[in-house]
Amino acid sequence: MHDLLHTLPSCQRLRVELGERSYEIMIGEHLLSHTGAAMKELSLTGSCFIVTDEIVAAKHLAALVQSLTAENISYEVITVPPGEGSKSFARLENILGRILKHKPERSSTLLALGGGVVGDLTGFAASILLRGINFVQIPTTLLSQVDSSVGGKTGINTTHGKNLIGSFYQPRLVVADISLLTSLPERELAAGYAEVVKYALINDADFFDWLEAQAGNITRKDPEILQQIIYKSCQAKAMIVAEDEREGGVRALLNLGHTFGHALEAETGFSEKLLHGEAVALGTMMAFSLSVQLGLCPQRDLDRILRHFTMMRLPTRLSHVPAIWNVDTLLNHMFQDKKVEGGKLVLILSKGIGKAFIAKDVEVAPVRTLLERMVHQH
Ligand SMILES: NC(=O)c1ccc[n+]([C@@H]2O[C@H](COP(=O)([O-])OP(=O)(O)OC[C@H]3O[C@@H](n4cnc5c(N)ncnc54)[C@H](O)[C@@H]3O)[C@@H](O)[C@H]2O)c1
Ligand SMILES: [Zn+2]
């Protein structure tokens with residue numbers, strides 16, 4: 001692996017420590033065209049199946065294909081429509097069928113080139129194909145570079161809810177190429193950034209201070225700053241995942257803003273009206289507002305988050321979303337979320353910036369009060 005240092009442009013490497021399933025995340029600029037070389041170093045030279053979406057394929061597939069060809073790695077390309085709708089049983093079956101037609105072997109590699117949708121779908125396919133074949137991720141959105149490509153959660157959606165079918169399956173390699181973010185729409189960049197702020201809010205107040213100070217550079221997409229943000233976020237997630245791979249405990253902290261967020265996403269039908277990261281931003285506002293309401297968190301911390309989200313063009317009020325909200329249906333969604341134990345809600349609450357904790361028995365009444373406040377705020 002160390003030989004790569006000579007053949008690849010400067011990049012940071014972060015090792016995710018998971019025993020024999022450990023792997024490296026490469027973070028830097030212009031890495032896509034070196035993917036073939038990086039795979040070769042890991043002896044991932046069997047036939048390769050690239051799964052990507054139509055938008056990403058148009059912009060970035062050619063460079064990837066070229067790098068595989070340069071290393072004599074044979075490949076097939078499977079393109080799916082962009083969007084959450086592709087995380088479905090129908091699409092999974094279609095992909096598996098298309099791969100099986102080409103007689104894959106255990107030495108074959110499934111390569112995800114795309115955002116979290118392509119990553120989750122491809123990772124799940126890799127985990128069940130021939131009972132598990134090599135999986136490589138090239139995340140192309142900020143969200144997937146800082147979150148979904150780390151930690152091994154894969155899956156698809158069903159009519160019963162999001163991500164309810166899936167597996168834990170670790171990739172052999174993740175290539176986070178910052179240059180790919182230049183083609184990403186501003187709105188997607190902002191949405192992914194909500195997950196970055198999440199890590200700071202969970203347990204790293206200094207990181208939040210730094211993010212506040214760098215706000216201008218972040219919106220300007222300064223590559224050095226982006227690289228630092230991605231490295232720091234992957235490191236934060238990798239540390240939590242290394243401690244608790246299967247979410248028996250501390251990993252639940254990563255759900256900060258997500259139980260509220262998922263309810264909002266469900267209400268808007270997982271549509272363009274509200275992106276996942278936007279739902280996380282709103283959900284984070286709600287988790288901190290509830291924490292303030294319960295007397296756990298100082299109001300000034302909530303105000304700081306509000307200011308930072310606003311500056312980063314993230315929604316902070318339900319009225320920022322083109323939807324009609326209903327407290328009862330939102331509550332219903334929250335109770336359908338998989339993080340419910342014994343009728344009481346398990347929520348991630350906070351004692352302030354960098355001080356999130358798992359609250360295991362949150363009553364419905366204060367949550368209802370909070371939702372009523374949020375729904376009527378204009
Ligand atoms: N597995 C996990 O741990 C985990 C964690 C967080 C989120 N997720 C999942 O991730 C998904 C959301 O991921 P996402 O936000 O990356 O969305 P996405 O994959 O839908 O990508 C967003 C949009 O950006 C486009 N796009 C992607 N890369 C681009 C680029 N470089 N240039 C231009 N356009 C580009 C895509 O075509 C798509 O239209 C959700 O399904 C969510 O459940 C999973
Ligand atoms: Zn998320």
# chains A, B, ... in the order shown; residues from 1 in each chain; ligands from 1
>>> select_by_dssp(residues="range 145-318 of chain A", states="helix (DSSP H, G or I)", output="ChimeraX atom specification")
/A:145-148,178-183,186-203,205-219,223-243,250-255,258-267,276-293,299-311,318
>>> residues_near_ligand(ligand="ligand 1", cutoff="8 Å", atoms="only C-alpha atoms and all ligand atoms", output="PyMOL selection string")
chain A and resi 53-56+59-60+81-84+87+114-120+139-144+147-156+162-163+180-185+188+191-192+275-277
>>> closest_residue(among="A:Arg106, A:Arg98, A:Lys198, A:Arg15", to="ligand 2", atoms="only C-alpha atoms and all ligand atoms")
A:Lys198
>>> closest_residue(among="A:Thr259, A:Ser47, A:Gln12, A:Gln228", to="Trp210 in chain A", atoms="only C-alpha atoms")
A:Gln228
>>> closest_residue(among="A:Asn255, A:Gln299, A:Ser88, A:Asn332", to="ligand 2", atoms="only C-alpha atoms and all ligand atoms")
A:Asn255
>>> closest_residue(among="A:Ala263, A:Glu41, A:Ala242, A:Thr79", to="Leu61 in chain A", atoms="only C-alpha atoms")
A:Thr79
>>> closest_residue(among="A:Met239, A:Ala281, A:Ile218, A:Val367", to="ligand 2", atoms="only C-alpha atoms and all ligand atoms")
A:Ala281
>>> residues_around(residues="Asn326 in chain A", least_positions_apart="3", cutoff="8 Å", atoms="only C-alpha atoms", output="VMD selection string")
chain A and resid 329 to 330 375
>>> write_last_selection(atoms="N, CA, C and O atoms", output="mmCIF file, in the first residue's frame")
data_model
loop_
_atom_site.group_PDB
_atom_site.id
_atom_site.type_symbol
_atom_site.label_atom_id
_atom_site.label_comp_id
_atom_site.auth_asym_id
_atom_site.auth_seq_id
_atom_site.Cartn_x
_atom_site.Cartn_y
_atom_site.Cartn_z
ATOM 1 N N THR A 329 -49.203 13.368 12.256
ATOM 2 C CA THR A 329 -48.520 12.460 11.323
ATOM 3 C C THR A 329 -47.012 12.461 11.564
ATOM 4 O O THR A 329 -46.363 11.421 11.467
ATOM 5 N N LEU A 330 -46.471 13.619 11.944
ATOM 6 C CA LEU A 330 -45.032 13.656 12.252
ATOM 7 C C LEU A 330 -44.716 12.757 13.453
ATOM 8 O O LEU A 330 -43.762 11.977 13.430
ATOM 9 N N VAL A 375 -44.233 23.621 13.915
ATOM 10 C CA VAL A 375 -45.202 23.631 12.815
ATOM 11 C C VAL A 375 -45.838 25.018 12.674
ATOM 12 O O VAL A 375 -46.158 25.447 11.563
#
>>> closest_residue(among="A:Leu256, A:Arg307, A:Ile27, A:Arg21", to="Pro223 in chain A", atoms="only C-alpha atoms")
A:Ile27
>>> residues_around(residues="Ser107 in chain A", least_positions_apart="2", cutoff="12 Å", atoms="only C-alpha atoms", output="list in words")
Leu42, Ser43, Leu44, Thr45, Gly46, Ser47, Cys48, Phe49, Ile73, Lys103, Pro104, Glu105, Thr109, Leu110, Ala126, Leu129, Leu130, Gly132, Ile133, Asn134 and Phe135 of chain A
>>> closest_atom_pairs(of="range 66-150 of chain A", to="range 29-38 of chain A", cutoff="9 Å", atoms="only C-alpha atoms", output="JSON lines")
{"residue": "A:Gln66", "atom": "CA", "partner": "A:Ser33", "partner_atom": "CA", "distance": 7.1}
{"residue": "A:Ser67", "atom": "CA", "partner": "A:Gly36", "partner_atom": "CA", "distance": 4.9}
{"residue": "A:Leu68", "atom": "CA", "partner": "A:Gly36", "partner_atom": "CA", "distance": 4.5}
{"residue": "A:Thr69", "atom": "CA", "partner": "A:Gly36", "partner_atom": "CA", "distance": 7.7}
{"residue": "A:Ala70", "atom": "CA", "partner": "A:Gly36", "partner_atom": "CA", "distance": 7.3}
{"residue": "A:Glu71", "atom": "CA", "partner": "A:Gly36", "partner_atom": "CA", "distance": 5.9}
{"residue": "A:Asn72", "atom": "CA", "partner": "A:Gly36", "partner_atom": "CA", "distance": 8.6}
{"residue": "A:Ile73", "atom": "CA", "partner": "A:Gly36", "partner_atom": "CA", "distance": 7.4}
{"residue": "A:Ile138", "atom": "CA", "partner": "A:Leu32", "partner_atom": "CA", "distance": 7.8}
>>> residues_around(residues="Phe260 in chain A", least_positions_apart="2", cutoff="10 Å", atoms="only C-alpha atoms", output="list in words")
Asn255, Leu256, Gly257, His258, His262, Ala263, Leu264, Glu265, Ala279, Val280, Ala281, Leu282, Gly283, Thr284, Met285, Met286, Ala287, Leu330, Leu331, His333, Met334, Asp337, Leu347, Ile348, Val367 and Leu371 of chain A
>>> atom_distance(atom1="CA of Ile50 in chain A", atom2="CA of Ile178 in chain A")
19.7 Å
